[in-house]
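Undergrad: This is the structure, below, for whatever I ask next.
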There are 2 protein chains.
Amino acid sequence: MTGAEAVLQTASAAGVEVCFANPGTTEMALVNALDAVPIRAVLGLFEGVCSGAADGYARMSGRPALTLLHLGPGLANAIANLHNARRAYSPVVNLVGDHATWHRDADAPLSSDIASLARPVSRWVRETKAPAQVALDAAEAIAAAQEAPGGVATLIIPADCQSGEAPGPAQSIPPVPARPVGADRIEHLAKQLRRGKNAALHLGGRALSVRGQRAAGRVARATGCRMFSERFPARFERGPGLPKVDRLPYFPDWVASFLEGLQMLVLAAAVEPVAFFGYPGMPSRLTPEGCELLTLATADEDVEAALEALADAIDAPPAGSAPTPSPPRPQMPEGPLTPDAVGTVLALLQPEGAIVVDESNTTGIGYFEASAAAPRHSLLTLTGGSIGMGPPCATGAAIACPDRTVINFQGDGGALYTLQSLWTQMREQLHVITLICANRAYRILQLESARAGVAAPGPQALSLTDLSRPAPDWVQLAAGMGVPAERADSVESLRDALGRALSVHGPHLIEVVL
Amino acid sequence: MTGAEAVLQTASAAGVEVCFANPGTTEMALVNALDAVPIRAVLGLFEGVCSGAADGYARMSGRPALTLLHLGPGLANAIANLHNARRAYSPVVNLVGDHATWHRDADAPLSSDIASLARPVSRWVRETKAPAQVALDAAEAIAAAQEAPGGVATLIIPADCQSGEAPGPAQSIPPVPARPVGADRIEHLAKQLRRGKNAALHLGGRALSVRGQRAAGRVARATGCRMFSERFPARFERGPGLPKVDRLPYFPDWVASFLEGLQMLVLAAAVEPVAFFGYPGMPSRLTPEGCELLTLATADEDVEAALEALADAIDAPPAGSAPTPSPPRPQMPEGPLTPDAVGTVLALLQPEGAIVVDESNTTGIGYFEASAAAPRHSLLTLTGGSIGMGPPCATGAAIACPDRTVINFQGDGGALYTLQSLWTQMREQLHVITLICANRAYRILQLESARAGVAAPGPQALSLTDLSRPAPDWVQLAAGMGVPAERADSVESLRDALGRALSVHGPHLIEVVL
């Protein structure tokens, strides 16, 4: 068996089911071995599609997908979305082809230092040295990606290690699970929370699962503490029957107001709130002065069990023992199609079980509140801040969950980085509905500039945040990628278009003109 | 003055005239300072557009452009085309914003190891430590990029070093010029070439300028040696009055035939021919067994002067003393639109002074021969092998040379990586004509697979090299970016469409269906 076959058999035996690929010549042995394993090969026309899709797939399935990338430049194109995957703790296994070991000295045009590119986004990087080693390397990469809380592993495989003879697949390596939180820490936190201070649970990672939130809700009801999620959760389960969990705001002054008066902040797989960017005169760390900071569980600890143990330790009644109040359902908006109206229409129309991949940025600021009363759904957000995550993440989420509707609520600026995702959505016939929020600007930069006190940017500065000359035509861009599309410029037309898109299986794009 | 103003004044004083930008919040001080200097700000909707445009601009102007990129992920998106720029020895200065120095410890979502990402494509990397230092750092970056033969310099500027008070711009630092080649080496090579062996000059870099080729042509006429260019020249001046210079073929077995019988190979700012990829049973280095390898000039030496000195040392008659034979002009093809026919139509219609950015890959294999008789033009090729170079490189070349027609002869697979370039071409009203060779496949991978002996790839392997399900519609994709476009599916329709595109200023795209 070849090294390539051994790698893919190893991956399949370890539970890997999908490979998001944009291959080149140095990966052809792996490409040609894909038909012999039950691993689904999904082509992306740009590597950022592959890495973003692997992130979305991992967030929804909990399992790693492979990416297949072409040397240093191929990996480089994947990095922006690997950065988001890293911040989401998504298990992802990159297989990066390289020149044959004996060809490296030639410094052929595509040679580069692949490991240096991989390290900033990978918790584990290795270059395979020989075909006999490659299957074991793959098994280690897969285990490394799955080690709690999950992360990116990059295995660089020279072409001769793919085509050379390998002894066979390697045994799966059980990944390191989340570490249990000790009883001492639970007891200590229970005692602290019983002191009746103005306290809050800050929920991240698996604390935002159904199980995590139910346990957190018990603690909140029993102690009166607040609960809020990190600003950019990887996956946030929401809907009826779950306790009310707020979300940390974006700008640091908003966070300061939000946290005002807090005396105790308990971190549950979240980190201390920090400013997204550093602003002059504002602190990096946003915990109020004098507020105690306590850790229930770090990202690599079993936060769901810890929340349950904490609830038990304070003798909180079981989940479901008190009715969960239903948040108010917003009114269907009327009048002009404002950013808030877009979010409200989406919140009112999104079906049961929707996966909402939200990279709507400024347009979507009101959506989180508006969707509190929406049917059960999963919310996936921009964990690493690297825009262009939405379309590929939605693609991968749809592959992980073929029976659910995926809605990519997406800013136009970000969508332009990875619009090739639409093509993969069409090829794979995925039920992804893309709502492009077409404000034809990098609006967040205009806001940031105004907040920084720039009263009148010059014409060049203005031109660098303006996407209206020419205005990208998303109906034509989508059609160019094979995806049916229409334009909405009023509440009514958006409602109608979204209704139509929801009623037909397959990808669909709506350009929402703001 | 702020650090940002000091950086841009320093750059302007050093001769920088263009900044290809895709900024974010951490670059807003630089954005807002752009209106105070005579530096043209050009927005790209994806960072690979910015880096590829800076490469094309540098190849045609000889001067560095700035890129303005947003932290690690922004730089990462630029890397594939920086890789090509590095292999082209193009001077490029990346300004990469970063979090404020005091904000780094917070590990905010967009934090990453920017320097590790930059190093593989940069000859010079620095992180500015203080606003007082930033102008000097910029001056050093600009000099480093221009040090012969040219390269990529990356300066990472924390936000507080942009907005903080700086003492003023820094003086320009004269870049290190190409080193002269010593008389000894010239004498030695003259003696060797006079021995009447079967010899060849291998021309790269500035040896492919008009001056370089004229001097090389004198040597070739006087000694009977052959002349050929490297496979992927950064810039190759071609047309009437220049000596005949062949081009190294792509596949190593073709190179072996091409070099067969050669006894002496003289490197003139080119490196020894190596295989683009390592193939089992074939060597990396393709110089024939027993062939002497001699270096006239390395990339950082003054190859034009060295070629002139060599010609003088062998008493070669001056350039122009013998008529340069005109290569045969091909016939206008008839019948079906084959790949060769596309190249021939282009060669016959391209106007005087065209800049041809050739990333046509398999479609364009016949174009080099066909265009030997075309009017004077500059040929820019895929130096680093990282596809997606053509559309942005053409964009930058057009900004460098507003009075010339730019033709991007482009494979569809590669174009899909950086199609956002079309938008910049429209916004800046650049006269770039894009010929998309729509074979709807990664044809090179299909060829490589067949050459590797894979007789019948499985359905998944086939799907990973197939772009026909769905076939991207380039007329709609271009229109979506604002660029007028049409489709050609016959020799006649291609000829007519190209004629129309050439007659109107501004960008135009022709999808050539193969």
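Scheme for the structure tokens: letters A, B, ... for chains in order shown; per-chain residue numbers from 1; ligand numbers from 1 in order shown.
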Env of Gln213 of chain B: 7 Å cut, atoms = only C-alpha atoms, seq-sep filter 6 positions within chain, self excluded. Answer as a ChimeraX atom specification.
TA: /B:207,242-243
Undergrad: Might you pull out every residue within 7 Å of Ala170 of chain A, with only C-alpha atoms counted and same-chain residues fewer than 4 positions away left off, and present them as a ChimeraX atom specification?
TA: /A:10,135-136,139
Undergrad: Using only N, CA and C atoms, please write the residues we just selected to a file, as a PDB file, in the first residue's frame.
TA:
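Full text of part_29.pdb as output:
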```pdb
ATOM      1  N   THR A  10      -6.015   5.286   7.627  1.00  0.00           N
ATOM      2  CA  THR A  10      -5.861   5.667   9.037  1.00  0.00           C
ATOM      3  C   THR A  10      -6.919   6.691   9.431  1.00  0.00           C
ATOM      4  N   ALA A 135       1.642   7.075   8.100  1.00  0.00           N
ATOM      5  CA  ALA A 135       0.356   6.693   8.697  1.00  0.00           C
ATOM      6  C   ALA A 135       0.346   7.016  10.192  1.00  0.00           C
ATOM      7  N   LEU A 136       1.455   6.752  10.853  1.00  0.00           N
ATOM      8  CA  LEU A 136       1.538   7.077  12.278  1.00  0.00           C
ATOM      9  C   LEU A 136       1.453   8.593  12.481  1.00  0.00           C
ATOM     10  N   ALA A 139      -2.132   9.497  12.241  1.00  0.00           N
ATOM     11  CA  ALA A 139      -2.867   9.136  13.455  1.00  0.00           C
ATOM     12  C   ALA A 139      -2.590  10.144  14.569  1.00  0.00           C
TER      13      ALA A 139
END
```
Undergrad: Can you tell me, as a ChimeraX atom specification, what residues are no more than 6 Å from segment 453-464 of chain B when counting only C-alpha atoms, ignoring any on the same chain fewer than 3 positions away?
TA: /A:31-32,35,43 /B:449-450
Undergrad: What separation in Å, quoted to one decimal, exists between atom CA of Val121 of chain A and atom CA of Ala299 of chain A?
TA: 16.9 Å
Undergrad: Distance atom CA of Ser284 of chain B-atom CA of Asp253 of chain B, one decimal place?
TA: 11.2 Å
Undergrad: Show which residues sit within 10 Å of Ser468 of chain A, as a ChimeraX atom specification. Count only C-alpha atoms, and ignore same-chain residues fewer than 4 positions away.
TA: /A:438-441,463,472 /B:427
Undergrad: Tell me which protein, DNA and RNA residues are within 12 Å of Ser172 of chain B, counting only C-alpha atoms, leaving out same-chain ones fewer than 6 positions away, and put them as a list of chain:residue names.
TA: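 Result of the neighbour search: B:Val7, B:Leu8, B:Gln9, B:Thr10, B:Ala11, B:Ser12, B:Ala13, B:Ala14, B:Gly15, B:Val16, B:Ala135, B:Leu136, B:Asp137, B:Ala138, B:Ala139, B:Glu140, B:Ala141, B:Ile142, B:Ala143, B:Ala144, B:Gln146.
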Undergrad: Now that the selection is made, can you save its residues with N, CA and C atoms as a short mmCIF file (atom, residue, chain, number, x, y, z; two decimals), in the first residue's frame?
TA:
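File written: part00.cif
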```
data_model
loop_
_atom_site.label_atom_id
_atom_site.label_comp_id
_atom_site.auth_asym_id
_atom_site.auth_seq_id
_atom_site.Cartn_x
_atom_site.Cartn_y
_atom_site.Cartn_z
N VAL B 7 5.56 57.62 8.38
CA VAL B 7 5.81 56.47 7.49
C VAL B 7 5.51 56.84 6.04
N LEU B 8 4.35 57.46 5.84
CA LEU B 8 3.94 57.72 4.46
C LEU B 8 4.77 58.84 3.84
N GLN B 9 5.15 59.83 4.63
CA GLN B 9 6.05 60.86 4.09
C GLN B 9 7.40 60.27 3.75
N THR B 10 7.87 59.37 4.58
CA THR B 10 9.14 58.69 4.29
C THR B 10 9.04 57.91 2.98
N ALA B 11 7.93 57.20 2.83
CA ALA B 11 7.76 56.39 1.62
C ALA B 11 7.68 57.28 0.38
N SER B 12 6.92 58.37 0.50
CA SER B 12 6.77 59.26 -0.65
C SER B 12 8.12 59.86 -1.04
N ALA B 13 8.88 60.29 -0.04
CA ALA B 13 10.19 60.87 -0.33
C ALA B 13 11.13 59.85 -0.96
N ALA B 14 10.92 58.57 -0.67
CA ALA B 14 11.76 57.51 -1.24
C ALA B 14 11.27 57.09 -2.62
N GLY B 15 10.22 57.75 -3.13
CA GLY B 15 9.78 57.46 -4.50
C GLY B 15 8.58 56.54 -4.59
N VAL B 16 8.01 56.17 -3.47
CA VAL B 16 6.83 55.29 -3.51
C VAL B 16 5.61 56.10 -3.95
N ALA B 135 9.38 55.64 11.34
CA ALA B 135 9.80 56.21 10.05
C ALA B 135 11.12 55.61 9.60
N LEU B 136 12.03 55.44 10.54
CA LEU B 136 13.32 54.82 10.19
C LEU B 136 13.11 53.38 9.75
N ASP B 137 12.23 52.68 10.45
CA ASP B 137 11.91 51.30 10.05
C ASP B 137 11.37 51.28 8.62
N ALA B 138 10.51 52.24 8.31
CA ALA B 138 9.94 52.29 6.95
C ALA B 138 11.03 52.55 5.93
N ALA B 139 11.94 53.47 6.24
CA ALA B 139 13.03 53.76 5.30
C ALA B 139 13.88 52.51 5.08
N GLU B 140 14.13 51.77 6.15
CA GLU B 140 14.92 50.54 6.00
C GLU B 140 14.16 49.48 5.21
N ALA B 141 12.86 49.39 5.44
CA ALA B 141 12.06 48.42 4.69
C ALA B 141 12.11 48.72 3.20
N ILE B 142 11.99 50.00 2.87
CA ILE B 142 11.97 50.39 1.45
C ILE B 142 13.34 50.10 0.81
N ALA B 143 14.40 50.39 1.55
CA ALA B 143 15.74 50.08 1.03
C ALA B 143 15.95 48.58 0.91
N ALA B 144 15.46 47.83 1.88
CA ALA B 144 15.63 46.38 1.84
C ALA B 144 14.90 45.78 0.64
N GLN B 146 14.42 47.15 -2.13
CA GLN B 146 15.06 47.54 -3.38
C GLN B 146 16.49 47.03 -3.52
#
```
Undergrad: Quote the spacing between atom CA of Glu127 of chain B and atom CA of Ala54 of chain B in Å to one decimal place.
TA: 21.0 Å
Undergrad: Residues at most 7 Å from Arg226 of chain A, counting only C-alpha atoms, excluding those fewer than 4 positions away in the same chain, as a PyMOL selection string?
TA: chain A and resi 199-201+220
Undergrad: Give me the residues within 7 Å of Arg218 of chain A as a PyMOL selection string, counting only C-alpha atoms and dropping any in the same chain fewer than 6 places off.
TA: chain A and resi 311+316-319
Undergrad: For the selection you just gave me, I'd like the residues written to a file as a compact mmCIF listing (two decimals), in the first residue's frame, keeping C-alpha atoms.
TA:
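Output contents, as saved in out_23.txt:
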```
# COMPACT_ATOMS: atom_id res chain seq x y z
CA ALA A 311 -25.41 23.38 40.29
CA ALA A 316 -30.00 24.07 42.64
CA PRO A 317 -33.30 22.50 41.55
CA PRO A 318 -33.06 20.39 38.39
CA ALA A 319 -33.43 21.97 34.97
```
Undergrad: Among segment 153-247 of chain B, which residues carry a DSSP assignment of alpha helix (DSSP H), reported as a ChimeraX atom specification?
TA: /B:159-163,183-194,210-223
Undergrad: Which one is closest to chain B: A:Gly217, A:Gly261, A:Pro327, A:Gly384? Count only C-alpha atoms.
TA: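 Counting only C-alpha atoms, the residue closest to chain B is A:Gly384.
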Undergrad: Between A:Asp246, A:Asp300, A:Asp184, A:Asp489, which is the closest to Ala313 of chain A once you count only C-alpha atoms?
TA: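 Answer, going by the shortest atom-to-atom distance: A:Asp184.
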